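Chemist: structure33.cif (mmCIF, C-alpha atoms) pasted underneath:
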```cif
data_run
#
loop_
_atom_site.label_atom_id
_atom_site.label_comp_id
_atom_site.auth_asym_id
_atom_site.auth_seq_id
_atom_site.Cartn_x
_atom_site.Cartn_y
_atom_site.Cartn_z
CA MET A 134 -41.96 22.87 36.65
CA SER A 135 -38.40 23.97 37.29
CA PHE A 136 -37.96 27.57 38.44
CA ASN A 137 -34.56 28.02 36.81
CA ASN A 138 -34.56 30.42 33.83
CA LYS A 139 -38.21 31.33 34.44
CA ASN A 140 -39.74 34.81 34.40
CA ILE A 141 -41.90 35.17 37.50
CA VAL A 142 -44.29 37.87 38.76
CA ILE A 143 -45.29 38.12 42.43
CA THR A 144 -47.85 40.63 43.71
CA GLY A 145 -47.97 41.56 47.37
CA ALA A 146 -44.24 40.85 47.43
CA ALA A 147 -43.09 43.31 50.11
CA SER A 148 -44.40 41.29 53.06
CA GLY A 149 -46.04 38.08 54.23
CA ILE A 150 -46.49 35.17 51.84
CA GLY A 151 -45.36 37.22 48.83
CA GLN A 152 -42.06 38.13 50.46
CA ALA A 153 -41.59 34.51 51.57
CA LEU A 154 -42.10 33.36 47.96
CA VAL A 155 -39.41 35.76 46.75
CA MET A 156 -37.00 34.57 49.45
CA GLU A 157 -37.65 30.89 48.65
CA LEU A 158 -37.07 31.53 44.92
CA ALA A 159 -33.73 33.21 45.63
CA GLN A 160 -31.99 29.81 45.33
CA TYR A 161 -32.90 29.58 41.63
CA GLN A 162 -31.52 31.33 38.56
CA CYS A 163 -34.74 33.11 37.67
CA GLN A 164 -36.06 36.58 36.92
CA VAL A 165 -38.56 37.91 39.47
CA LEU A 166 -40.70 41.02 39.26
CA ALA A 167 -41.84 41.96 42.77
CA ILE A 168 -44.99 44.10 42.84
CA ASP A 169 -46.41 45.92 45.85
CA THR A 170 -47.81 49.26 46.93
CA ASN A 171 -45.06 49.54 49.56
CA GLU A 172 -42.06 51.01 47.70
CA ASN A 173 -39.73 51.04 50.73
CA GLY A 174 -40.53 47.41 51.41
CA LEU A 175 -39.72 46.46 47.82
CA ILE A 176 -36.43 48.38 47.86
CA HIS A 177 -35.41 46.70 51.12
CA LEU A 178 -36.31 43.28 49.70
CA ALA A 179 -34.29 43.86 46.52
CA LYS A 180 -31.23 44.93 48.54
CA LYS A 181 -31.43 41.77 50.67
CA LEU A 182 -31.26 39.69 47.50
CA ASP A 183 -28.36 41.50 45.81
CA SER A 184 -26.08 38.47 46.11
CA SER A 185 -28.68 35.80 45.32
CA MET A 186 -28.88 33.72 42.15
CA MET A 187 -32.09 35.41 41.02
CA GLN A 188 -32.47 38.77 39.34
CA VAL A 189 -35.06 40.96 41.04
CA GLN A 190 -36.90 43.95 39.63
CA ILE A 191 -39.52 45.94 41.51
CA LEU A 192 -42.74 47.63 40.43
CA VAL A 193 -44.86 49.87 42.66
CA LEU A 194 -48.59 49.45 41.97
CA ASP A 195 -51.73 50.08 43.99
CA LEU A 196 -54.06 47.22 43.09
CA ALA A 197 -57.02 49.03 44.66
CA ASN A 198 -56.76 51.39 41.67
CA PRO A 199 -58.54 50.11 38.50
CA ASP A 200 -56.14 51.91 36.15
CA GLN A 201 -53.12 50.36 37.84
CA ILE A 202 -54.73 46.91 37.74
CA GLN A 203 -55.16 47.37 33.98
CA SER A 204 -51.49 48.28 33.57
CA MET A 205 -50.16 45.40 35.71
CA VAL A 206 -49.54 42.69 33.08
CA PRO A 207 -48.43 45.05 30.25
CA LEU A 208 -45.87 46.65 32.59
CA ALA A 209 -44.69 43.22 33.76
CA LEU A 210 -44.21 42.10 30.17
CA GLU A 211 -42.28 45.30 29.46
CA LYS A 212 -39.86 44.50 32.26
CA LEU A 213 -39.55 40.71 31.81
CA GLY A 214 -40.27 40.19 28.11
CA SER A 215 -42.42 37.14 28.90
CA ILE A 216 -44.11 35.57 31.93
CA ASP A 217 -43.90 31.88 32.82
CA LEU A 218 -45.35 32.02 36.31
CA PHE A 219 -47.63 34.63 37.89
CA PHE A 220 -48.37 34.67 41.63
CA ALA A 221 -51.51 36.76 42.19
CA ASN A 222 -50.83 36.94 45.89
CA ALA A 223 -51.76 40.49 46.95
CA GLY A 224 -54.68 40.74 49.34
CA PHE A 225 -55.80 42.19 52.65
CA ALA A 226 -58.42 41.75 55.33
CA LEU A 227 -60.07 44.34 57.53
CA TYR A 228 -61.33 42.96 60.82
CA GLY A 229 -64.73 44.26 61.91
CA SER A 230 -68.45 43.95 61.35
CA PHE A 231 -69.77 44.52 57.84
CA GLY A 232 -71.66 47.62 59.01
CA SER A 233 -68.45 49.22 60.33
CA GLN A 234 -66.73 49.38 56.92
CA ASN A 235 -67.48 52.29 54.62
CA PHE A 236 -67.77 52.06 50.83
CA ALA A 237 -64.11 52.88 50.20
CA LEU A 238 -62.92 50.11 52.52
CA ARG A 239 -65.33 47.57 51.04
CA GLN A 240 -64.36 48.54 47.50
CA SER A 241 -60.62 48.30 48.24
CA GLN A 242 -60.98 44.71 49.46
CA ILE A 243 -62.99 43.78 46.36
CA MET A 244 -60.47 45.37 44.00
CA VAL A 245 -57.30 43.95 45.59
CA ASN A 246 -58.61 40.51 46.59
CA LEU A 247 -60.90 39.71 43.66
CA VAL A 248 -60.72 42.07 40.69
CA ALA A 249 -56.90 42.30 40.49
CA PRO A 250 -56.21 38.52 40.34
CA LEU A 251 -59.02 37.89 37.85
CA GLU A 252 -58.07 40.81 35.64
CA GLY A 253 -54.45 39.68 35.76
CA LEU A 254 -55.48 36.25 34.52
CA TYR A 255 -57.66 37.77 31.79
CA GLN A 256 -54.75 39.91 30.58
CA MET A 257 -52.38 36.96 30.64
CA LEU A 258 -54.79 34.94 28.49
CA GLN A 259 -55.05 37.83 26.00
CA LEU A 260 -51.33 38.59 25.81
CA ALA A 261 -49.71 35.16 26.18
CA ASN A 262 -49.69 34.65 22.38
CA GLY A 263 -49.90 30.88 22.74
CA ARG A 264 -47.12 30.71 25.34
CA GLN A 265 -47.88 28.34 28.23
CA PHE A 266 -47.95 29.83 31.72
CA SER A 267 -48.95 29.00 35.30
CA TYR A 268 -51.17 31.34 37.29
CA VAL A 269 -51.35 30.95 41.06
CA ILE A 270 -53.96 32.81 43.10
CA THR A 271 -53.69 33.09 46.87
CA ALA A 272 -57.24 32.49 48.06
CA SER A 273 -57.78 31.66 51.74
CA ALA A 274 -59.16 29.06 54.10
CA MET A 275 -62.06 31.53 54.34
CA ALA A 276 -62.94 30.65 50.75
CA LYS A 277 -64.16 27.37 52.24
CA THR A 278 -65.44 28.47 55.65
CA GLY A 279 -66.25 31.95 56.93
CA MET A 280 -65.30 33.56 60.24
CA PRO A 281 -67.08 36.31 62.22
CA HIS A 282 -65.97 39.87 61.37
CA TYR A 283 -64.38 38.82 58.08
CA ALA A 284 -67.52 38.97 55.93
CA MET A 285 -66.11 41.13 53.11
CA TYR A 286 -62.81 39.29 53.01
CA ALA A 287 -64.50 35.87 52.97
CA ALA A 288 -66.86 37.05 50.22
CA THR A 289 -63.96 37.99 47.93
CA LYS A 290 -62.07 34.77 48.57
CA SER A 291 -65.07 32.47 48.12
CA ALA A 292 -65.76 34.24 44.82
CA LEU A 293 -62.26 33.25 43.65
CA ASP A 294 -63.02 29.66 44.63
CA ARG A 295 -66.19 29.49 42.53
CA PHE A 296 -64.47 31.27 39.62
CA ALA A 297 -61.66 28.71 39.52
CA GLU A 298 -64.13 25.83 39.66
CA CYS A 299 -65.96 27.19 36.58
CA PHE A 300 -62.82 28.28 34.73
CA ARG A 301 -61.36 24.78 34.76
CA PHE A 302 -64.23 23.53 32.61
CA GLU A 303 -63.36 26.07 29.89
CA GLN A 304 -60.86 25.47 27.10
CA ASN A 305 -57.65 27.23 28.17
CA PRO A 306 -54.96 24.65 27.34
CA GLY A 307 -52.05 27.08 27.69
CA CYS A 308 -52.93 28.11 31.23
CA HIS A 309 -52.41 26.11 34.40
CA LEU A 310 -54.48 27.67 37.22
CA MET A 311 -53.81 26.86 40.86
CA LEU A 312 -55.51 28.22 43.98
CA VAL A 313 -53.91 28.32 47.42
CA TYR A 314 -55.98 28.03 50.61
CA PRO A 315 -53.73 29.14 53.49
CA ILE A 316 -55.02 29.33 57.03
CA ALA A 317 -54.24 32.46 59.08
CA THR A 318 -50.61 33.40 58.49
CA ARG A 319 -48.51 34.98 61.23
CA THR A 320 -47.78 38.34 59.58
CA GLU A 321 -49.04 41.94 59.79
CA PHE A 322 -51.69 40.96 57.23
CA PHE A 323 -54.59 41.19 59.70
CA THR A 324 -54.96 44.97 59.76
CA GLY A 325 -56.93 46.43 62.65
CA GLN A 326 -56.71 43.55 65.13
CA ASP A 327 -54.32 42.31 67.77
CA GLN A 328 -52.02 39.40 67.02
CA ALA A 329 -53.83 37.39 69.72
CA ASN A 330 -57.07 37.53 67.71
CA ILE A 331 -55.69 35.85 64.59
CA PRO A 332 -57.92 32.82 63.92
CA TRP A 333 -56.66 29.40 65.01
CA PRO A 334 -54.92 27.46 63.54
CA SER A 335 -52.15 29.61 62.07
CA GLN A 336 -48.83 29.02 60.31
CA SER A 337 -45.71 30.84 59.14
CA PRO A 338 -45.45 32.49 55.70
CA ILE A 339 -42.33 30.43 54.92
CA LYS A 340 -44.27 27.20 55.45
CA VAL A 341 -47.00 28.48 53.11
CA ALA A 342 -44.48 29.57 50.45
CA GLN A 343 -42.73 26.19 50.53
CA SER A 344 -46.07 24.39 50.12
CA ILE A 345 -46.98 26.64 47.19
CA LEU A 346 -43.72 26.07 45.32
CA LYS A 347 -43.91 22.33 45.86
CA ALA A 348 -47.47 22.31 44.45
CA VAL A 349 -46.41 24.42 41.45
CA ARG A 350 -43.68 21.90 40.65
CA GLN A 351 -46.27 19.12 40.82
CA LYS A 352 -48.77 21.02 38.64
CA LYS A 353 -51.54 20.82 41.24
CA THR A 354 -54.76 22.77 40.84
CA SER A 355 -55.17 23.51 44.55
CA VAL A 356 -53.00 23.41 47.66
CA TYR A 357 -53.86 23.41 51.36
CA PRO A 358 -50.67 24.33 53.27
CA SER A 359 -52.30 23.17 56.52
CA PHE A 360 -53.02 19.44 56.59
CA LEU A 361 -55.12 20.02 59.72
CA PHE A 362 -57.42 22.43 57.88
CA ARG A 363 -57.79 20.03 54.98
CA CYS A 364 -58.89 17.34 57.43
CA MET A 365 -61.32 19.77 59.07
CA ILE A 366 -63.13 20.38 55.76
CA SER A 367 -62.80 16.85 54.36
CA LEU A 368 -66.57 16.29 54.15
CA GLN A 369 -66.98 19.57 52.29
CA LEU A 370 -64.30 18.55 49.79
CA PHE A 371 -65.94 15.14 49.37
CA ASN A 372 -69.27 16.80 48.58
CA GLN A 373 -67.49 18.99 46.01
CA TRP A 374 -66.11 15.85 44.37
CA LEU A 375 -69.63 14.33 44.26
CA MET A 376 -70.83 17.34 42.25
CA TYR A 377 -68.16 16.84 39.58
CA PRO A 378 -70.22 14.53 37.30
CA TYR A 379 -73.06 17.08 37.28
CA GLN A 380 -70.66 19.88 36.38
CA LEU A 381 -69.03 17.74 33.68
CA TRP A 382 -72.45 16.96 32.19
CA ASN A 383 -73.12 20.71 31.87
CA LYS A 384 -69.77 21.42 30.22
CA PRO A 385 -70.35 23.01 26.76
CA LYS A 386 -69.86 20.55 23.93
CA GLN A 387 -67.19 21.39 21.38
CA GLY A 388 -68.55 21.89 17.87
#
```
What does this structure look like when you write it as structure tokens?

Modeler:
Amino acid sequence: MSFNNKNIVITGAASGIGQALVMELAQYQCQVLAIDTNENGLIHLAKKLDSSMMQVQILVLDLANPDQIQSMVPLALEKLGSIDLFFANAGFALYGSFGSQNFALRQSQIMVNLVAPLEGLYQMLQLANGRQFSYVITASAMAKTGMPHYAMYAATKSALDRFAECFRFEQNPGCHLMLVYPIATRTEFFTGQDQANIPWPSQSPIKVAQSILKAVRQKKTSVYPSFLFRCMISLQLFNQWLMYPYQLWNKPKQG
């Protein structure tokens, strides 16, 4: 896929991987809608890109709010007219034991990390009107292996992993779904903990964004920005491949 003349949506665009994606796309003649709950961050980002080749619009949404999740794709279509590429990137982690997080904190992680990307995909499928599109979800290395004090976060990300695995056996020819499995990224993403406690290994958001865009161009279904992490879970990935014939056998037959 070429990014020139494409209409692109990026959630979580005011910081971290989302911001890095916007900055990397600035070299292309494309239309980008940057979505985040941080209005000041979005305004600052748009000003930085005034002289770039891309055209940037911003949209302030709180993806912990069900009503705003529901309005996400319709509002994006209003602003862009059509959507070729959707980066469901918004997400956050709260460091701490499961018992230390109240209902509101647990619900927010579920809504932002899990419900928002899946609802966005559902809306895209309903409103695409036969138009082909790519949908990229930022999962996490914790979708494959959990870490202490990230139980809720890992639960939401592993749910995305299983969803994608099932979804790819369904008949959705107009949609190309890709999941991204970044390791810890050196940003302010890890709310509530010191920088020194970010899990090892870690990498920069720019490196992750570059890996994502390369994988989108190659139409991959998954991308591991850290080669080291991919090696670390190689046996797990091999076992997943061994299960493929069983999954294929259970795929519904077309009448």

Chemist: Looking at only C-alpha atoms, which of A:Ile270, A:Ile216, A:Ala226, A:Cys299 is the one that sits closest to Asn383 in chain A?

Modeler: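 Under the stated criterion, the closest residue is A:Cys299.
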
Chemist: Which residues match the PyMOL selection byres ((chain A and resi 308) around 10) in the file above, as an MDAnalysis selection string?

Modeler: chainID A and resid 217:218 254 257:258 261 263:268 301 304:307 309:311

Chemist: Hey, can you check how far CA of Ser337 in chain A sits from CA of Phe220 in chain A?

Modeler: 18.1 Å

Chemist: Please write as a list in words the full residue list that the PyMOL selection byres ((chain A and resi 290) around 8) yields on this file.

Modeler: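 In the shown coordinates, the PyMOL selection byres ((chain A and resi 290) around 8) covers Asn246, Leu247, Ala272, Ser273, Met275, Ala276, Tyr286, Ala287, Ala288, Thr289, Ser291, Ala292, Leu293 and Asp294 of chain A.
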
Chemist: Here's the selection I'm unsure about, the PyMOL selection byres ((chain A and resi 314) around 8); applied to the file above, which residues does it give, as a list in words?

Modeler: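 In the shown coordinates, the PyMOL selection byres ((chain A and resi 314) around 8) covers Thr271, Ala272, Ser273, Ala274, Met275, Ala276, Leu312, Val313, Pro315, Ile316, Ser355, Val356, Tyr357 and Pro358 of chain A.
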
Chemist: Which residue, A:His282, A:Lys352, A:Asn140, A:Phe360, has the smallest gap to Gln234 in chain A when you use all atoms listed in the file?

Modeler: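 Residue with the minimum atom-to-atom distance to Gln234 in chain A: A:His282.
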
Chemist: Choose the residue, out of A:Ala237, A:Ile345, A:Lys181, A:Met186, that has the smallest atom-to-atom separation from Asn198 in chain A; count all atoms listed in the file.

Modeler: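 Selected residue with least distance to Asn198 in chain A: A:Ala237.
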
Chemist: Can you work out which one of A:Cys163, A:Leu182, A:Ala209, A:Ala153 has the shortest atom-to-atom distance to Ser135 in chain A, counting all atoms listed in the file?

Modeler: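 The answer is A:Cys163, which sits nearest to Ser135 in chain A.
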
Chemist: Mind giving me the axis-aligned box for range 190-205 of chain A with 6 Å on every side, centre plus edges in Å to one decimal, as AutoDock Vina command-line options?

Modeler:
```
--center_x -47.7 --center_y 47.9 --center_z 39.1 --size_x 33.6 --size_y 20.0 --size_z 23.1
```

Chemist: Considering all atoms listed in the file, can you say which of A:Ser359, A:Ala147, A:Gln160, A:Leu154 comes closest to Ile176 in chain A?

Modeler: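 Looking only at the distances to Ile176 in chain A, the closest residue turns out to be A:Ala147.
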
Chemist: Rounded to one decimal, what separation in Å do you get between CA of Arg350 in chain A and CA of Val155 in chain A?

Modeler: 15.7 Å

Chemist: Considering all atoms listed in the file, can you say which of A:Leu368, A:Ile141, A:Tyr228, A:Glu252 comes closest to Asp200 in chain A?

Modeler: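 Closest to Asp200 in chain A of all the choices is A:Glu252.
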
Chemist: At most 7 Å from (-38.9, 43.7, 39.8), file frame, only C-alpha atoms: which residues, as a PyMOL selection string?

Modeler: chain A and resi 165-168+189-192

Chemist: What is the CA of Gly174 in chain A-CA of Gly149 in chain A distance in Å, reported with one decimal?

Modeler: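 CA of Gly149 in chain A lies at a distance of 11.2 Å from CA of Gly174 in chain A.
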
Chemist: List as an mmCIF file with C-alpha atoms, keeping the file's coordinate frame the protein and nucleic acid residues near Val245 in chain A, meaning an atom at most 6 Å away when only C-alpha atoms are counted, but skip any in the same chain fewer than 3 places from it.

Modeler:
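Final output, result-v9.cif:
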```cif
data_model
loop_
_atom_site.group_PDB
_atom_site.id
_atom_site.type_symbol
_atom_site.label_atom_id
_atom_site.label_comp_id
_atom_site.auth_asym_id
_atom_site.auth_seq_id
_atom_site.Cartn_x
_atom_site.Cartn_y
_atom_site.Cartn_z
ATOM 1 C CA LEU A 196 -54.060 47.220 43.090
ATOM 2 C CA ALA A 197 -57.020 49.030 44.660
ATOM 3 C CA GLY A 224 -54.680 40.740 49.340
ATOM 4 C CA GLN A 242 -60.980 44.710 49.460
ATOM 5 C CA ALA A 249 -56.900 42.300 40.490
#
```

Chemist: Which residues are near Ser230 in chain A? Cut-off 12 Å, only C-alpha atoms, ignore same chain within fewer than 3 positions. Put them as a PyMOL selection string.

Modeler: chain A and resi 226-227+233-235+239+280-286+325
